[in-house]
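K.L.:
A single structure is presented below for examination.
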Amino acid sequence: MSAPLLAVEGLSVDFPGDGGRVRVVDCIGFSIAAGETLALVGESGCGKSMTALAVMRLVAKPGRIEPGSRIRLEGRDLLSLSVPEMRGVRGARIGMIFQEPMTSLNPVTTVGEQVMEAIELHAGIPRAKARERVIELFGHVGIPDPARRFQAYPHQLSGGLKQRVMIAMAMAMRPRLLIADEPTTALDATIRAQILELLRTLCAETGTAVLLITHDFGVVNETADRVAVMYAGQIVEEGTRLEVLSQPRHPYTQGLLRSIPKPEARGARLEEIKGIVPRPGHWPPGCRFHTRCPFAFEPCPVRAPERTALSATQAACCHLLTREARP
Amino acid sequence: MTVLSSEALLEIRGLRTWFPIRAGLLQRVTGHVRAVDGVDLTIFPGETLALVGESGCGKTTVGRSILRLNEPTAGGIWFRGSDLTRLSTEAFHAYRRQIQVVMQDPGSALDPRFTVRDAIAEGMDAFGIGADDEERTERVAALMRSVSLDPATMWRYPHEFSGGQRQRICIARALAVDPALLICDEATSALDVSIQAQILNLLADLQAERHLTYLFITHDLGTVRYFATRVAVMYLGRIVETGPTERIFAEPRHPYTKALLASIPSLDPARRSARPIALGDVPSPERPPPGCHYHPRCAVRLESCSRDDPPAVEFADGICRCILAVQEREARMAARPPLEGVPGGS
């Protein structure tokens with residue numbers, strides 16, 4: 001098997017807290033093959049967005065990526081790059097889009113100018129040529145009347161159009177990896193469907209791999225090839241889209257999928273996961289899910305479960321599975 | 001002449017809530033944002049009516065108009081027979097007890113300087129419920145138990161609670177004055193999936209126990225399909241379709257409803273389904289398009305749609321505001337065999 005496009009190993013991120021550093025991402029590992037879409041799913045505070053920021057080396061101080069973490073893109077160790085080298089990787093090799101397009105765009109510069117800047121910075125082509133590229137890109141991401149919209153300021157565009165501008169900017173240099181953090185969460189239903197469709201076709205065309213951060217299993221089902229489920233800073237289950245959505249093996253994944261309101265459940269009670277989502281620094285010992293798990297037994301509060309492979313592609317961390325696997 | 005339904009708990013007729021746009025040095029009114037522009041809506045006791053639509057469609061303003069947090073520009077809102085829009089502030093106060101609201105963000109809905117006990121008891125103080133502080137504290141404890149919170153935590157402050165627990169506090173506070181109608185404005189939208197299920201179950205239990213009526217304002221169609229009795233779909237200040245939940249999802253009539261439903265991402269791993277139907281973006285309510293408001297985005301529009309504003313056509317189970325529904329209805333009428341003895345039947 002060829003080396004993956006992105007390989008993350010033993011990644012931990014911590015912040016200073018009361019009486020020491022508090023981990024928000026705890027020793028996670030995953031990889032993404034070229035052209036593949038991996039969805040990182042979880043609830044608020046599970047560390048999924050921080051993982052995305054870490055891959056881009058954008059963890060804001062006083063947070064830090066702990067020594068010993070490894071992030072390799074196309075075989076290059078991103079954590080050993082100098083700051084200017086990393087700046088070259090961002091934008092050119094890794095594109096990014098975020099939930100709030102408004103906060104990612106400069107309000108006092110036209111959107112065309114902003115995308116053009118990104119192209120000039122990385123490609124070093126003349127202005128007239130870059131301008132042409134931007135207008136072509138705008139057309140490609142479905143912005144109507146692209147030549148006129150080039151002159152628009154962010155506040156003059158709707159949320160859907162702003163997200164299209166962000167996608168144009170992220171895809172301008174045909175990056176190998178696109179990191180999309182809740183790209184459609186702030187958008188309306190009809191616009192969300194359009195943007196998901198655009199991301200799907202665009203990435204298929206260019207062979208760009210996607211690290212998709214989301215809490216929405218509908219979005220996962222519509223876009224992902226593989227899924228990794230995060231809980232309290234750790235990946236608790238991973239597998240192909242079909243494996244995780246149709247045969248989830250971790251009680252947390254099972255509970256999450258069951259708690260989504262579905263039409264078949266009309267009139268019946270929803271299955272809920274009891275308790276609250278634990279915040280970083282307040283993670284329980286042993287298996288972090290044991291306080292909310294309906295199947296918890298003796299080892300759960302004491303020992304962290306090991307990763308059990310369930311197929312060539314599916315794995316989960318749960319004592320029930322290690323017990324089953326033992327003869 | 002307005003004919004009011006006798007069984008209705010709340011009846012909205014011809015509601016308009018416009019916001020003036022001011023510009024220039026003298027802050028002259030240069031136009032209006034027509035957030036709500038001619039809404040008719042009936043809510044029956046005991047039901048959960050979902051008001052759905054995209055951001056900017058006016059759904060939140062409908063809720064705020066009922067509470068008179070935004071004063072309606074025209075039209076009437078009858079609650080148990082009284083037009084709320086014509087009441088004096090003092091007279092309205094008495095009705096305000098019967099209509100309570102739970103909002104999206106429980107963090108900002110609670111005053112950080114109030115203990116949970118005082119937050120829940122605030123409405124009781126305002127409406128003179130409970131003989132003294134002691135009795136109110138007892139009631140707060142009972143309310144906390146009914147929303148599965150530990151009454152021992154009533155002297156704590158909101159920041160000591162999680163998002164889901166804060167939403168439970170907001171629900172307890174709304175219930176403290178024993179309302180008939182609870183307006184839930186995106187009440188579960190900001191919560192994590194696992195917590196959202198807890199709150200929906202709680203709302204269902206409370207409805208059964210207390211015979212509550214819900215106006216459930218949301219953009220989340222998955223929740224609507226699971227939770228609502230009836231659905232009203234709103235687009236640019238108007239209701240474009242109403243009907244029982246199951247019929248709306250199985251056989252939507254309005255092209256906008258169809259586009260909304262098609263945009264729900266599939267949860268079935270065996271199939272990926274969401275294919276966008278609606279074209280482009282939602283226009284601004286400041287300058288709604290002429291004719292049918294939806295025509296610039298409509299996949300099946302006719303030439304006349306950009307000119308003629310379609311009326312709301314009444315069906316047995318709801319309304320639909322689309323010229324195709326008008327035509328369909330006329331075609332059905334024409335195809336129906338003539339009644340005996342009716343002149344003109346051939």
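Chain labels A, B, ... are given in the sequence in which chains occur in the structure tokens; within each chain residues are numbered consecutively from 1, and ligands are likewise numbered from 1 in the order shown.
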Do me a favour and pick out the residues of chain A within 6 Å of chain B, using only C-alpha atoms, as an MDAnalysis selection string.

P.N.:
chainID A and resid 43 188:190 193:194 218 222 242 256 259 261:263 266 270 272:273

K.L.:
If DSSP is run on the backbone, what residues of segment 6-143 of chain B are strand (DSSP E)? A reply as a ChimeraX atom specification would be ideal.

P.N.:
/B:10-23,28-43,48-52,74-79,82-83,99-102

K.L.:
How far is it from atom CA of His295 of chain B to atom CA of Arg253 of chain B, in Å with one decimal?

P.N.:
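Atom-to-atom, atom CA of His295 of chain B and atom CA of Arg253 of chain B are spaced 15.0 Å apart.
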
K.L.:
For Asp105 of chain B, please output as a list in words all residues within 8 Å (counting only C-alpha atoms; exclusion window: fewer than 3 positions along the same chain).

P.N.:
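Listing them by chain and then by number gives Ser108, Ala109, Gln167, Ala187 and Ala190 of chain B.
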
K.L.:
Write out, as a JSON list (two decimals), in the first residue's frame, the residues just selected, with N, CA and C atoms.

P.N.:
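Wrote it out as selection.json, contents follow:
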[["chain", "number", "residue", "atom", "x", "y", "z"],
["B", 108, "SER", "N", -27.63, 33.07, 26.91],
["B", 108, "SER", "CA", -27.94, 34.48, 26.98],
["B", 108, "SER", "C", -29.36, 34.74, 27.50],
["B", 109, "ALA", "N", -30.19, 33.68, 27.57],
["B", 109, "ALA", "CA", -31.56, 33.88, 28.06],
["B", 109, "ALA", "C", -31.60, 33.99, 29.58],
["B", 167, "GLN", "N", -30.92, 24.79, 29.30],
["B", 167, "GLN", "CA", -32.18, 24.79, 28.56],
["B", 167, "GLN", "C", -33.29, 24.22, 29.44],
["B", 187, "ALA", "N", -35.42, 25.93, 20.01],
["B", 187, "ALA", "CA", -35.07, 25.58, 21.39],
["B", 187, "ALA", "C", -34.07, 24.44, 21.49],
["B", 190, "ALA", "N", -29.22, 24.60, 19.20],
["B", 190, "ALA", "CA", -27.83, 24.83, 19.59],
["B", 190, "ALA", "C", -27.27, 23.68, 20.42]]

K.L.:
Leaving out Val233 of chain B and any residue of its chain fewer than 3 positions from it, which residues lie within 9 Å of it when counting only C-alpha atoms, given as a PDB file with C-alpha atoms, in the first residue's frame?

P.N.:
ATOM      1  CA  ALA B  50     -43.975  23.610  13.521  1.00  0.00           C
ATOM      2  CA  LEU B  51     -43.220  26.884  11.777  1.00  0.00           C
ATOM      3  CA  VAL B  52     -40.367  26.142   9.400  1.00  0.00           C
ATOM      4  CA  GLY B  53     -38.341  28.129   6.934  1.00  0.00           C
ATOM      5  CA  ARG B 238     -45.625  34.503   4.098  1.00  0.00           C
ATOM      6  CA  ILE B 239     -46.979  31.051   4.815  1.00  0.00           C
ATOM      7  CA  VAL B 240     -46.759  29.092   1.558  1.00  0.00           C
ATOM      8  CA  GLU B 241     -48.097  25.737   2.755  1.00  0.00           C
ATOM      9  CA  THR B 242     -49.704  24.166   5.810  1.00  0.00           C
ATOM     10  CA  TYR B 256     -40.617  25.465  -2.086  1.00  0.00           C
ATOM     11  CA  THR B 257     -41.688  22.759   0.361  1.00  0.00           C
TER      12      THR B 257
END

K.L.:
Kindly give the distance, in Å, that separates atom CA of Leu81 of chain A and atom CA of Lys61 of chain A, rounded to a single decimal.

P.N.:
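Separation of atom CA of Leu81 of chain A and atom CA of Lys61 of chain A: 17.9 Å.
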
K.L.:
Please report the interatomic distance between atom CA of Arg249 of chain A and atom CA of Ala268 of chain A in Å with one decimal.

P.N.:
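Spanning atom CA of Arg249 of chain A to atom CA of Ala268 of chain A is a straight-line distance of 23.9 Å.
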
K.L.:
Closest to Leu257 of chain A among A:Arg303, A:Ala296, A:Phe217, A:Gln114, using only C-alpha atoms?

P.N.:
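Closest to Leu257 of chain A, using only C-alpha atoms: A:Phe217.
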
K.L.:
Which neighbours of Glu7 of chain B fall inside 12 Å, counting only C-alpha atoms, when residues of the same chain fewer than 4 positions from it are skipped, and could you give them as an MDAnalysis selection string?

P.N.:
chainID B and resid 11 42:47 78:81

K.L.:
Taking the DSSP secondary structure from the backbone, can you list the residues of segment 82-304 of chain A that are helix (DSSP H, G or I), as a PyMOL selection string?

P.N.:
chain A and resi 83-92+101-104+111-123+127-140+146-149+154-156+159-171+189-206+217-223+241-246+251-258+263-265

K.L.:
Which neighbours of Arg173 of chain B fall inside 8 Å, counting only C-alpha atoms, when residues of the same chain fewer than 2 positions from it are skipped, and could you give them as a PDB file with N, CA and C atoms, in the first residue's frame?

P.N.:
ATOM      1  N   ALA B 119     -34.156  32.823  38.947  1.00  0.00           N
ATOM      2  CA  ALA B 119     -34.496  32.838  37.526  1.00  0.00           C
ATOM      3  C   ALA B 119     -35.846  32.149  37.300  1.00  0.00           C
ATOM      4  N   ILE B 120     -36.040  31.003  37.948  1.00  0.00           N
ATOM      5  CA  ILE B 120     -37.283  30.256  37.750  1.00  0.00           C
ATOM      6  C   ILE B 120     -38.451  30.974  38.424  1.00  0.00           C
ATOM      7  N   ALA B 121     -38.185  31.618  39.572  1.00  0.00           N
ATOM      8  CA  ALA B 121     -39.268  32.257  40.329  1.00  0.00           C
ATOM      9  C   ALA B 121     -39.629  33.648  39.802  1.00  0.00           C
ATOM     10  N   GLU B 122     -38.827  34.194  38.880  1.00  0.00           N
ATOM     11  CA  GLU B 122     -39.034  35.568  38.414  1.00  0.00           C
ATOM     12  C   GLU B 122     -40.459  35.792  37.894  1.00  0.00           C
ATOM     13  N   GLY B 123     -40.936  34.848  37.065  1.00  0.00           N
ATOM     14  CA  GLY B 123     -42.274  34.979  36.508  1.00  0.00           C
ATOM     15  C   GLY B 123     -43.350  34.881  37.585  1.00  0.00           C
ATOM     16  N   ILE B 169     -33.458  24.669  32.642  1.00  0.00           N
ATOM     17  CA  ILE B 169     -33.802  25.783  33.538  1.00  0.00           C
ATOM     18  C   ILE B 169     -34.769  26.737  32.823  1.00  0.00           C
ATOM     19  N   CYS B 170     -34.473  27.054  31.558  1.00  0.00           N
ATOM     20  CA  CYS B 170     -35.340  27.957  30.791  1.00  0.00           C
ATOM     21  C   CYS B 170     -36.743  27.374  30.649  1.00  0.00           C
ATOM     22  N   ILE B 171     -36.823  26.058  30.449  1.00  0.00           N
ATOM     23  CA  ILE B 171     -38.133  25.411  30.313  1.00  0.00           C
ATOM     24  C   ILE B 171     -38.880  25.485  31.649  1.00  0.00           C
ATOM     25  N   LEU B 175     -42.477  27.305  32.441  1.00  0.00           N
ATOM     26  CA  LEU B 175     -43.606  26.555  32.975  1.00  0.00           C
ATOM     27  C   LEU B 175     -44.059  27.083  34.339  1.00  0.00           C
ATOM     28  N   ALA B 176     -43.210  27.883  34.978  1.00  0.00           N
ATOM     29  CA  ALA B 176     -43.484  28.330  36.346  1.00  0.00           C
ATOM     30  C   ALA B 176     -44.800  29.094  36.454  1.00  0.00           C
ATOM     31  N   VAL B 177     -45.219  29.759  35.366  1.00  0.00           N
ATOM     32  CA  VAL B 177     -46.445  30.557  35.424  1.00  0.00           C
ATOM     33  C   VAL B 177     -47.619  29.805  34.799  1.00  0.00           C
TER      34      VAL B 177
END

K.L.:
Write out as a PyMOL selection string which residues come within 9 Å of segment 252-255 of chain A when counting only C-alpha atoms, dropping same-chain ones fewer than 5 positions away.

P.N.:
(chain A and resi 229+231+236-237+244-245+247+260+271-273+289+292-293) or (chain B and resi 194)
